[in-house]
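Visitor: Input model18.pdb, format and content: PDB, C-alpha atoms.
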```pdb
ATOM      1  CA  MET A   1      -9.579-109.344 -19.225
ATOM      2  CA  ARG A   2     -10.670-112.379 -17.277
ATOM      3  CA  LYS A   3      -7.395-114.127 -17.987
ATOM      4  CA  LYS A   4      -5.466-111.181 -16.568
ATOM      5  CA  LYS A   5      -7.606-111.185 -13.388
ATOM      6  CA  LEU A   6      -7.163-114.937 -12.966
ATOM      7  CA  LYS A   7      -3.433-114.549 -13.531
ATOM      8  CA  LYS A   8      -3.176-111.839 -10.854
ATOM      9  CA  LEU A   9      -5.303-113.934  -8.484
ATOM     10  CA  LEU A  10      -3.029-116.908  -9.073
ATOM     11  CA  GLU A  11       0.098-114.817  -8.481
ATOM     12  CA  ALA A  12      -1.398-113.522  -5.212
ATOM     13  CA  GLY A  13      -2.246-117.111  -4.228
ATOM     14  CA  LEU A  14       1.328-118.232  -4.812
ATOM     15  CA  ILE A  15       2.428-115.597  -2.276
ATOM     16  CA  ILE A  16      -0.324-116.373   0.255
ATOM     17  CA  ILE A  17       0.101-120.189   0.175
ATOM     18  CA  PRO A  18       3.502-120.229   1.960
ATOM     19  CA  PHE A  19       2.134-118.039   4.794
ATOM     20  CA  PHE A  20      -0.946-120.266   5.037
ATOM     21  CA  TYR A  21       1.179-123.380   5.442
ATOM     22  CA  LEU A  22       3.488-121.748   7.969
ATOM     23  CA  GLY A  23       0.357-120.928   9.972
ATOM     24  CA  VAL A  24      -0.831-124.542   9.696
ATOM     25  CA  PHE A  25       2.558-125.853  10.837
ATOM     26  CA  LEU A  26       2.485-123.516  13.870
ATOM     27  CA  MET A  27      -1.042-124.676  14.676
ATOM     28  CA  LEU A  28      -0.048-128.352  14.517
ATOM     29  CA  LEU A  29       3.095-127.647  16.524
ATOM     30  CA  ALA A  30       1.038-125.919  19.236
ATOM     31  CA  GLU A  31      -1.198-128.974  19.522
ATOM     32  CA  SER A  32       1.878-131.217  19.681
ATOM     33  CA  PHE A  33       2.791-129.451  22.929
ATOM     34  CA  THR A  34      -0.793-129.562  24.230
ATOM     35  CA  TYR A  35      -3.554-131.732  22.773
ATOM     36  CA  ILE A  36      -5.695-132.034  19.638
ATOM     37  CA  GLY A  37      -8.538-129.576  20.167
ATOM     38  CA  PHE A  38      -6.449-126.922  21.964
ATOM     39  CA  ILE A  39      -6.717-124.448  19.056
ATOM     40  CA  LYS A  40     -10.454-125.013  18.746
ATOM     41  CA  LYS A  41     -10.996-124.457  22.457
ATOM     42  CA  HIS A  42      -9.045-121.178  22.623
ATOM     43  CA  PHE A  43      -9.323-119.773  19.081
ATOM     44  CA  PHE A  44     -12.502-121.462  17.760
ATOM     45  CA  ILE A  45     -10.610-122.992  14.820
ATOM     46  CA  ASN A  46     -10.832-126.739  14.280
ATOM     47  CA  SER A  47      -7.270-127.830  13.459
ATOM     48  CA  SER A  48      -8.490-131.122  11.965
ATOM     49  CA  TYR A  49     -10.553-129.252   9.349
ATOM     50  CA  VAL A  50      -7.638-126.902   8.636
ATOM     51  CA  PHE A  51      -5.330-129.913   8.283
ATOM     52  CA  ILE A  52      -7.644-131.584   5.739
ATOM     53  CA  PHE A  53      -8.103-128.268   3.881
ATOM     54  CA  SER A  54      -4.322-127.818   3.700
ATOM     55  CA  ILE A  55      -3.983-131.266   2.063
ATOM     56  CA  VAL A  56      -6.640-130.291  -0.510
ATOM     57  CA  ILE A  57      -4.806-127.022  -1.252
ATOM     58  CA  ALA A  58      -1.559-128.963  -1.655
ATOM     59  CA  ILE A  59      -3.167-131.304  -4.193
ATOM     60  CA  THR A  60      -4.544-128.332  -6.197
ATOM     61  CA  CYS A  61      -0.943-127.162  -6.605
ATOM     62  CA  LEU A  62      -0.553-130.068  -9.036
ATOM     63  CA  PHE A  63      -2.842-128.182 -11.422
ATOM     64  CA  ILE A  64      -0.699-125.054 -11.319
ATOM     65  CA  LYS A  65       2.170-124.952 -13.777
ATOM     66  CA  ARG A  66       5.568-123.956 -12.472
ATOM     67  CA  SER A  67       6.558-120.412 -13.380
ATOM     68  CA  ARG A  68       9.269-117.854 -12.645
ATOM     69  CA  LYS A  69       6.837-115.859 -10.502
ATOM     70  CA  GLU A  70       6.598-118.503  -7.829
ATOM     71  CA  LYS A  71      10.099-117.896  -6.434
ATOM     72  CA  PHE A  72       8.646-117.238  -2.993
ATOM     73  CA  LEU A  73       6.748-120.541  -3.110
ATOM     74  CA  GLN A  74       9.923-122.375  -4.145
ATOM     75  CA  LYS A  75      11.782-120.845  -1.190
ATOM     76  CA  PHE A  76       9.019-122.140   1.063
ATOM     77  CA  PHE A  77       9.376-125.640  -0.401
ATOM     78  CA  LYS A  78      13.087-125.493   0.505
ATOM     79  CA  VAL A  79      12.177-124.467   4.061
ATOM     80  CA  ASN A  80       9.649-127.324   4.108
ATOM     81  CA  LYS A  81      12.444-129.823   3.420
ATOM     82  CA  ILE A  82      14.187-128.562   6.569
ATOM     83  CA  ILE A  83      10.906-128.834   8.506
ATOM     84  CA  PHE A  84      10.419-132.408   7.280
ATOM     85  CA  SER A  85      13.982-133.533   8.069
ATOM     86  CA  THR A  86      13.942-131.949  11.536
ATOM     87  CA  THR A  87      10.467-133.222  12.422
ATOM     88  CA  ILE A  88      10.962-136.816  11.307
ATOM     89  CA  LEU A  89      14.318-137.016  13.123
ATOM     90  CA  SER A  90      12.674-135.678  16.286
ATOM     91  CA  TYR A  91       9.752-138.079  15.840
ATOM     92  CA  PHE A  92      11.976-141.168  15.636
ATOM     93  CA  THR A  93      14.202-140.018  18.483
ATOM     94  CA  LEU A  94      11.288-139.294  20.824
ATOM     95  CA  PHE A  95       9.636-142.615  19.996
ATOM     96  CA  ILE A  96      12.802-144.551  20.797
ATOM     97  CA  ILE A  97      13.160-142.716  24.122
ATOM     98  CA  GLU A  98       9.453-143.289  24.887
ATOM     99  CA  TYR A  99       9.535-147.045  24.320
ATOM    100  CA  ALA A 100      12.818-147.372  26.178
ATOM    101  CA  ASN A 101      11.074-146.048  29.300
ATOM    102  CA  PHE A 102       7.267-146.161  29.721
ATOM    103  CA  PRO A 103       4.063-144.944  27.962
ATOM    104  CA  ASN A 104       3.648-141.132  28.065
ATOM    105  CA  TYR A 105       7.244-140.719  29.285
ATOM    106  CA  ILE A 106       7.934-137.898  26.776
ATOM    107  CA  PHE A 107       4.672-136.104  27.573
ATOM    108  CA  SER A 108       5.360-136.305  31.309
ATOM    109  CA  LYS A 109       8.897-134.916  30.883
ATOM    110  CA  ILE A 110       8.688-132.257  28.152
ATOM    111  CA  HIS A 111       4.919-132.140  27.485
ATOM    112  CA  VAL A 112       5.167-133.234  23.850
ATOM    113  CA  ASN A 113       2.423-135.424  22.380
ATOM    114  CA  ILE A 114       4.325-137.666  19.964
ATOM    115  CA  ASP A 115       1.259-138.839  18.033
ATOM    116  CA  ASN A 116       0.393-135.241  17.106
ATOM    117  CA  ILE A 117       3.822-134.776  15.499
ATOM    118  CA  SER A 118       2.846-137.336  12.855
ATOM    119  CA  ARG A 119       0.377-134.784  11.394
ATOM    120  CA  ILE A 120       3.251-132.359  10.791
ATOM    121  CA  ILE A 121       5.278-135.117   9.115
ATOM    122  CA  PHE A 122       2.318-136.133   6.967
ATOM    123  CA  LEU A 123       1.676-132.578   5.719
ATOM    124  CA  SER A 124       5.352-131.788   5.221
ATOM    125  CA  SER A 125       6.019-135.010   3.292
ATOM    126  CA  ALA A 126       2.918-134.386   1.130
ATOM    127  CA  LEU A 127       4.199-130.908   0.230
ATOM    128  CA  TRP A 128       7.644-132.288  -0.542
ATOM    129  CA  LEU A 129       6.147-134.987  -2.750
ATOM    130  CA  ILE A 130       3.879-132.541  -4.599
ATOM    131  CA  ASP A 131       6.789-130.183  -5.266
ATOM    132  CA  TRP A 132       8.774-133.110  -6.685
ATOM    133  CA  LEU A 133       5.832-134.257  -8.846
ATOM    134  CA  ARG A 134       5.389-130.727 -10.246
ATOM    135  CA  THR A 135       8.956-130.828 -11.575
ATOM    136  CA  LYS A 136       7.869-133.738 -13.783
ATOM    137  CA  SER A 137       5.140-131.735 -15.527
ATOM    138  CA  LYS A 138       7.505-130.575 -18.279
ATOM    139  CA  THR A 139       8.264-134.079 -19.523
ATOM    140  CA  THR A 140       4.720-135.537 -19.706
ATOM    141  CA  SER A 141       1.372-134.607 -21.220
ATOM    142  CA  LYS A 142      -1.093-132.765 -19.004
ATOM    143  CA  LYS A 143      -3.605-135.652 -18.849
ATOM    144  CA  THR A 144      -0.972-138.289 -18.109
ATOM    145  CA  TYR A 145       0.705-136.020 -15.583
ATOM    146  CA  LEU A 146      -2.480-135.445 -13.552
ATOM    147  CA  MET A 147      -3.708-139.053 -13.611
ATOM    148  CA  THR A 148      -0.303-140.450 -12.683
ATOM    149  CA  ASN A 149       0.299-137.967  -9.887
ATOM    150  CA  LEU A 150      -3.154-138.277  -8.327
ATOM    151  CA  SER A 151      -2.746-142.064  -8.290
ATOM    152  CA  PHE A 152       0.716-141.657  -6.806
ATOM    153  CA  LEU A 153      -0.630-139.401  -4.046
ATOM    154  CA  LEU A 154      -3.416-141.837  -3.191
ATOM    155  CA  ILE A 155      -0.880-144.645  -2.816
ATOM    156  CA  PHE A 156       1.375-142.375  -0.760
ATOM    157  CA  PHE A 157      -1.372-141.384   1.704
ATOM    158  CA  SER A 158      -2.353-145.048   2.154
ATOM    159  CA  LEU A 159       1.236-146.178   2.681
ATOM    160  CA  PHE A 160       1.958-143.367   5.133
ATOM    161  CA  SER A 161      -0.838-144.493   7.465
ATOM    162  CA  LEU A 162       0.263-148.122   7.176
ATOM    163  CA  LEU A 163       3.962-147.384   7.709
ATOM    164  CA  ASP A 164       3.250-145.137  10.695
ATOM    165  CA  LYS A 165       1.365-147.961  12.435
ATOM    166  CA  THR A 166       3.923-150.595  11.413
ATOM    167  CA  PHE A 167       6.835-148.464  12.630
ATOM    168  CA  LYS A 168       5.246-148.014  16.060
ATOM    169  CA  GLU A 169       4.592-151.733  16.472
ATOM    170  CA  ALA A 170       8.043-152.761  15.236
ATOM    171  CA  LEU A 171       9.786-150.168  17.374
ATOM    172  CA  GLU A 172       7.906-151.206  20.500
ATOM    173  CA  LYS A 173       8.892-154.847  20.042
ATOM    174  CA  ASN A 174      12.516-154.172  19.086
ATOM    175  CA  VAL A 175      13.116-151.733  21.941
ATOM    176  CA  TYR A 176      11.662-154.299  24.343
ATOM    177  CA  VAL A 177      14.002-156.998  22.982
ATOM    178  CA  ILE A 178      17.062-154.746  23.269
ATOM    179  CA  LYS A 179      16.091-153.504  26.718
ATOM    180  CA  ASN A 180      15.213-156.984  28.002
ATOM    181  CA  ILE A 181      17.691-159.103  26.067
ATOM    182  CA  ASN A 182      18.226-161.431  29.047
ATOM    183  CA  ASP A 183      14.505-162.191  29.546
ATOM    184  CA  ASN A 184      13.554-165.845  29.433
ATOM    185  CA  TYR A 185      10.815-167.365  27.254
ATOM    186  CA  ASP A 186       8.075-166.946  29.868
ATOM    187  CA  GLN A 187       8.871-163.260  30.389
ATOM    188  CA  LYS A 188       8.771-162.598  26.646
ATOM    189  CA  MET A 189       5.447-164.436  26.255
ATOM    190  CA  LEU A 190       3.971-162.581  29.222
ATOM    191  CA  LYS A 191       4.928-159.298  27.579
ATOM    192  CA  GLN A 192       3.196-160.399  24.362
ATOM    193  CA  TRP A 193       0.062-162.010  25.796
ATOM    194  CA  GLY A 194      -0.375-160.593  29.300
ATOM    195  CA  ILE A 195      -2.331-162.594  31.903
ATOM    196  CA  PHE A 196      -3.798-164.804  29.154
ATOM    197  CA  TYR A 197      -0.390-166.477  28.969
ATOM    198  CA  ASP A 198      -0.368-167.013  32.757
ATOM    199  CA  TYR A 199      -3.808-168.624  32.534
ATOM    200  CA  MET A 200      -2.696-170.926  29.710
ATOM    201  CA  MET A 201       0.326-172.015  31.782
ATOM    202  CA  PHE A 202      -1.963-172.620  34.766
ATOM    203  CA  VAL A 203      -4.199-174.895  32.657
ATOM    204  CA  LYS A 204      -1.174-176.636  31.153
ATOM    205  CA  ASN A 205       0.303-177.348  34.593
ATOM    206  CA  ASN A 206      -2.973-178.646  36.034
ATOM    207  CA  THR A 207      -4.167-180.932  33.225
ATOM    208  CA  GLU A 208      -2.738-184.107  31.716
ATOM    209  CA  LYS A 209      -1.328-184.016  28.177
ATOM    210  CA  ASP A 210      -3.804-186.647  26.956
ATOM    211  CA  SER A 211      -6.853-184.961  28.544
ATOM    212  CA  THR A 212      -9.872-183.575  26.699
ATOM    213  CA  VAL A 213     -10.824-180.015  27.620
ATOM    214  CA  LEU A 214     -14.006-178.045  26.973
ATOM    215  CA  ILE A 215     -13.414-174.319  26.446
ATOM    216  CA  PRO A 216     -15.877-171.368  26.197
ATOM    217  CA  PRO A 217     -17.704-170.534  22.948
ATOM    218  CA  GLN A 218     -15.795-168.276  20.593
ATOM    219  CA  ALA A 219     -17.691-165.138  21.548
ATOM    220  CA  TRP A 220     -16.564-161.566  22.103
ATOM    221  CA  THR A 221     -16.494-162.019  25.894
ATOM    222  CA  TRP A 222     -14.040-164.924  25.532
ATOM    223  CA  TYR A 223     -12.262-163.754  22.390
ATOM    224  CA  LYS A 224      -9.000-165.359  23.532
ATOM    225  CA  THR A 225     -10.031-168.242  25.808
ATOM    226  CA  GLY A 226     -12.733-169.238  23.289
ATOM    227  CA  ASN A 227     -10.382-169.106  20.294
ATOM    228  CA  ILE A 228      -9.687-172.818  19.840
ATOM    229  CA  GLY A 229      -6.816-172.245  17.393
ATOM    230  CA  LEU A 230      -5.062-169.850  19.754
ATOM    231  CA  VAL A 231      -5.625-172.002  22.853
ATOM    232  CA  ARG A 232      -4.386-175.103  21.006
ATOM    233  CA  TYR A 233      -1.055-173.347  20.399
ATOM    234  CA  PHE A 234      -0.484-173.255  24.174
ATOM    235  CA  LEU A 235      -2.168-176.507  25.284
ATOM    236  CA  TYR A 236      -1.300-179.015  22.531
ATOM    237  CA  PRO A 237      -1.460-182.090  22.576
ATOM    238  CA  ARG A 238      -4.626-181.800  24.713
ATOM    239  CA  LYS A 239      -7.868-182.228  22.785
ATOM    240  CA  LEU A 240     -10.087-179.144  22.776
ATOM    241  CA  ASP A 241     -13.744-178.448  22.009
ATOM    242  CA  ASN A 242     -15.856-175.276  22.162
ATOM    243  CA  GLY A 243     -18.900-175.344  24.420
ATOM    244  CA  ASP A 244     -22.143-173.441  23.882
ATOM    245  CA  TYR A 245     -23.081-170.207  25.625
ATOM    246  CA  ASP A 246     -25.717-171.565  28.066
ATOM    247  CA  LYS A 247     -25.575-175.352  27.687
ATOM    248  CA  LEU A 248     -22.947-178.086  27.704
ATOM    249  CA  PRO A 249     -22.526-181.378  25.822
ATOM    250  CA  ASP A 250     -22.307-184.754  27.561
ATOM    251  CA  LEU A 251     -19.395-184.180  29.946
ATOM    252  CA  LYS A 252     -18.568-187.920  30.127
ATOM    253  CA  ASN A 253     -16.414-187.299  27.068
ATOM    254  CA  TYR A 254     -14.383-184.571  28.800
ATOM    255  CA  ASP A 255     -11.852-184.438  31.597
ATOM    256  CA  TYR A 256     -11.854-180.710  32.275
ATOM    257  CA  VAL A 257     -13.885-177.572  31.602
ATOM    258  CA  PHE A 258     -12.509-174.037  31.573
ATOM    259  CA  LEU A 259     -13.759-171.745  34.324
ATOM    260  CA  ALA A 260     -13.422-168.409  32.521
ATOM    261  CA  TRP A 261     -14.875-165.060  33.556
ATOM    262  CA  GLY A 262     -14.013-163.199  30.335
ATOM    263  CA  GLU A 263     -11.218-161.054  28.908
ATOM    264  CA  LEU A 264     -13.034-157.787  28.220
ATOM    265  CA  PRO A 265     -13.549-154.972  30.785
ATOM    266  CA  ASP A 266     -16.746-155.521  32.747
ATOM    267  CA  GLY A 267     -19.950-154.803  30.871
ATOM    268  CA  ASN A 268     -23.279-156.571  31.347
ATOM    269  CA  LYS A 269     -22.791-158.962  34.268
ATOM    270  CA  ASP A 270     -24.954-161.643  32.607
ATOM    271  CA  ASP A 271     -22.577-161.850  29.634
ATOM    272  CA  TYR A 272     -19.624-162.878  31.789
ATOM    273  CA  GLY A 273     -18.731-166.073  33.591
ATOM    274  CA  TRP A 274     -18.604-169.506  31.972
ATOM    275  CA  PRO A 275     -19.890-172.195  32.310
ATOM    276  CA  LYS A 276     -23.381-170.888  33.032
ATOM    277  CA  VAL A 277     -24.826-174.225  34.188
ATOM    278  CA  LYS A 278     -24.188-176.504  37.163
ATOM    279  CA  ILE A 279     -21.615-179.286  36.795
ATOM    280  CA  ASP A 280     -21.165-182.462  38.812
ATOM    281  CA  SER A 281     -17.457-181.852  39.268
ATOM    282  CA  GLU A 282     -14.874-183.731  41.276
ATOM    283  CA  LYS A 283     -13.068-180.523  42.147
ATOM    284  CA  ILE A 284     -12.517-176.935  41.059
ATOM    285  CA  ILE A 285      -8.977-175.589  40.759
ATOM    286  CA  TYR A 286      -9.096-171.796  41.099
ATOM    287  CA  TRP A 287      -6.456-169.478  39.662
ATOM    288  CA  ASP A 288      -5.920-165.974  41.065
ATOM    289  CA  GLU A 289      -4.939-163.692  38.178
ATOM    290  CA  LYS A 290      -3.381-161.072  40.471
ATOM    291  CA  SER A 291      -1.145-163.295  42.592
ATOM    292  CA  ASN A 292      -0.915-166.208  40.105
ATOM    293  CA  SER A 293      -1.736-168.515  43.013
ATOM    294  CA  VAL A 294      -3.710-171.787  42.812
ATOM    295  CA  LYS A 295      -6.357-173.207  45.158
ATOM    296  CA  ALA A 296      -8.177-176.558  44.785
ATOM    297  CA  VAL A 297     -11.672-177.060  46.223
ATOM    298  CA  ASN A 298     -13.432-180.451  46.264
ATOM    299  CA  SER A 299     -16.964-179.407  45.355
ATOM    300  CA  LYS A 300     -19.573-179.322  42.595
ATOM    301  CA  TYR A 301     -19.627-176.304  40.315
ATOM    302  CA  ASP A 302     -22.510-173.864  40.653
ATOM    303  CA  PRO A 303     -22.320-170.567  38.696
ATOM    304  CA  ALA A 304     -24.469-168.921  41.390
ATOM    305  CA  ASP A 305     -21.840-169.463  44.132
ATOM    306  CA  LYS A 306     -20.097-166.266  45.252
ATOM    307  CA  GLU A 307     -16.790-168.102  44.904
ATOM    308  CA  ASN A 308     -17.351-168.273  41.137
ATOM    309  CA  TYR A 309     -17.984-164.561  40.621
ATOM    310  CA  LYS A 310     -15.159-163.169  38.467
ATOM    311  CA  ALA A 311     -13.424-166.523  38.899
ATOM    312  CA  TRP A 312     -10.799-168.172  36.728
ATOM    313  CA  GLY A 313      -9.731-171.783  36.918
ATOM    314  CA  ILE A 314     -10.342-175.301  35.642
ATOM    315  CA  ILE A 315     -13.150-177.708  36.555
ATOM    316  CA  LYS A 316     -12.286-181.425  36.836
ATOM    317  CA  ILE A 317     -15.183-183.634  35.756
ATOM    318  CA  ARG A 318     -16.275-186.478  38.067
ATOM    319  CA  LYS A 319     -15.896-189.849  36.358
TER     320      LYS A 319
END
```
Output the file's structure as structure tokens, nothing else.
Guide:
Amino acid sequence: MRKKKLKKLLEAGLIIIPFFYLGVFLMLLAESFTYIGFIKKHFFINSSYVFIFSIVIAITCLFIKRSRKEKFLQKFFKVNKIIFSTTILSYFTLFIIEYANFPNYIFSKIHVNIDNISRIIFLSSALWLIDWLRTKSKTTSKKTYLMTNLSFLLIFFSLFSLLDKTFKEALEKNVYVIKNINDNYDQKMLKQWGIFYDYMMFVKNNTEKDSTVLIPPQAWTWYKTGNIGLVRYFLYPRKLDNGDYDKLPDLKNYDYVFLAWGELPDGNKDDYGWPKVKIDSEKIIYWDEKSNSVKAVNSKYDPADKENYKAWGIIKIRK
């Protein structure tokens, strides 16, 4: 009796599942044209929870043997292949157009949030994969089948996240190269490193090759300018040393000291600005990050001077 009830419940589930997934696809599509949280705001349904639940339901399908009574489910899986092919083609096309123009170009033109489309691709590809894995159930034992497929799914979900990120990064760089094929070395480096590259070129042009330079400590505030390995790439063959946060070594052994405000957006004012102690300097060469202009001032360095607030430059040590 119980077996008959379970069988009828299973048959009903096989009919309901396709409608459930069509509803999930429509929900994800709606948020692709709006924003994640749109469904929750207007219909009190959290799409993220529904998305996770739909993945769980898909995995449980591995435990259901294929039968003749799941014709409707098989038709849905065929429709899903069309959904997957169409969505992934649209995803790639929109990304190429986006990176060929500017960030949020697609959203500003046709109000499509590209990142949200990836959820549709993820769910559709998972369903496609599970349908394919279920076709293998006839040729393997039940235990081997389940263990192998669950492991396969785990690897798939991990790779999907990795490939999605890798694709975006690779596409951004390749589209830039194609679009700016005539850019010179400096333009390419500026694209990669931003104003940090301009600052490195400023230091390089205003210090001698055989000079010894003291740079900020490798702390979060100076995560680039304090990274001695990274800075050495741009300033070699100059000798470099890291200074301490609030004290400096004997400056007789150095020719220059970085004047570095910090790379992160402003937080606690006390955390920014280096060096934090006075220096008997011969001169201070200031660099304006906005205009890329240079100004030399013959004076001693005092971190309390207004001139040194949010300042960038290089301090020449008096010998």
Visitor: Hey, could you pull the box centre and edge lengths for range 253-264 of chain A, axis-aligned, 6 Å padding per side, all listed atoms, to one decimal in Å, as AutoDock Vina command-line options?
Guide:
```
--center_x -13.8 --center_y -172.5 --center_z 30.7 --size_x 17.2 --size_y 41.5 --size_z 19.3
```
Visitor: Write out as an MDAnalysis selection string the residues lying within 12 Å of Phe258 in chain A, counting all atoms listed in the file and excluding same-chain residues fewer than 3 positions away.
Guide: chainID A and resid 199:200 202:204 206:207 212:217 222 225:226 231 240:243 248 254:255 261:262 273:276 279 284:287 301 311:317
Visitor: Could you give me, as a tab-separated table, every range 42-94 of chain A residue with an atom at most 12 Å from range 98-109 of chain A, plus its closest atom pair and distance in Å to one decimal, counting all atoms listed in the file, rows ordered by chain then number?
Guide:
```
residue	atom	partner	partner_atom	distance
A:Ser90	CA	A:Ile106	CA	11.7
A:Tyr91	CA	A:Glu98	CA	10.4
A:Phe92	CA	A:Glu98	CA	9.8
A:Thr93	CA	A:Glu98	CA	8.6
A:Leu94	CA	A:Glu98	CA	6.0
```
Visitor: Could you dump the residues just selected with C-alpha atoms as a JSON list (two decimals), keeping the file's coordinate frame?
Guide:
```json
[["chain", "number", "residue", "atom", "x", "y", "z"],
["A", 90, "SER", "CA", 12.67, -135.68, 16.29],
["A", 91, "TYR", "CA", 9.75, -138.08, 15.84],
["A", 92, "PHE", "CA", 11.98, -141.17, 15.64],
["A", 93, "THR", "CA", 14.20, -140.02, 18.48],
["A", 94, "LEU", "CA", 11.29, -139.29, 20.82]]
```
Visitor: Tell me, in Å to one decimal, how far CA of Trp132 in chain A is from CA of Ile15 in chain A.
Guide: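 Answer for the CA of Trp132 in chain A to CA of Ile15 in chain A separation: 19.1 Å.
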Visitor: Do you have the CA of Asp271 in chain A-CA of Asp246 in chain A distance handy?
Guide: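 Distance between the two atoms: 10.3 Å.
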Visitor: From the set A:Asn182, A:Thr34, A:Asn298, A:Glu263, which residue has the shortest atom-to-atom contact distance to Gly194 in chain A, counting all atoms listed in the file?
Guide: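 Using all atoms listed in the file, Gly194 in chain A sits closest to A:Glu263.
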Visitor: I'd like to know which of A:Met201, A:Val50, A:Leu235, A:Leu22 is closest to Asn80 in chain A, using all atoms listed in the file.
Guide: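 Under the stated criterion, the closest residue is A:Leu22.
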Visitor: Hey, what comes out of the PyMOL selection byres ((chain A and resi 114-129) around 9) on this file? Could you write it as a PyMOL selection string?
Guide: chain A and resi 24-25+28-29+31-33+35-36+51+54-55+58-59+77-78+80-81+83-85+87-88+90-91+94-95+104+106-107+112-113+130-134+153+156-157+160-161+164
Visitor: For a test of reading the model, state the distance in Å between CA of Tyr256 in chain A and CA of Lys295 in chain A, rounded to one decimal.
Guide: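 The value is 15.9 Å.
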Visitor: With distances taken over all atoms listed in the file, which of A:Ile17, A:Ile97, A:Ala30, A:Ile82 is nearest to Thr60 in chain A?
Guide: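 Closest residue, counting all atoms listed in the file: A:Ile17.
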Visitor: So, counting all atoms listed in the file, which residue among A:Ile57, A:Ile110, A:Val297, A:Val257 is closest to Ser211 in chain A?
Guide: A:Val257
Visitor: Nearest to Leu264 in chain A among A:Lys306, A:Lys224, A:Lys300, A:Arg318, with distances taken over only C-alpha atoms: which residue is it?
Guide: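 Result for the nearest residue to Leu264 in chain A: A:Lys224.
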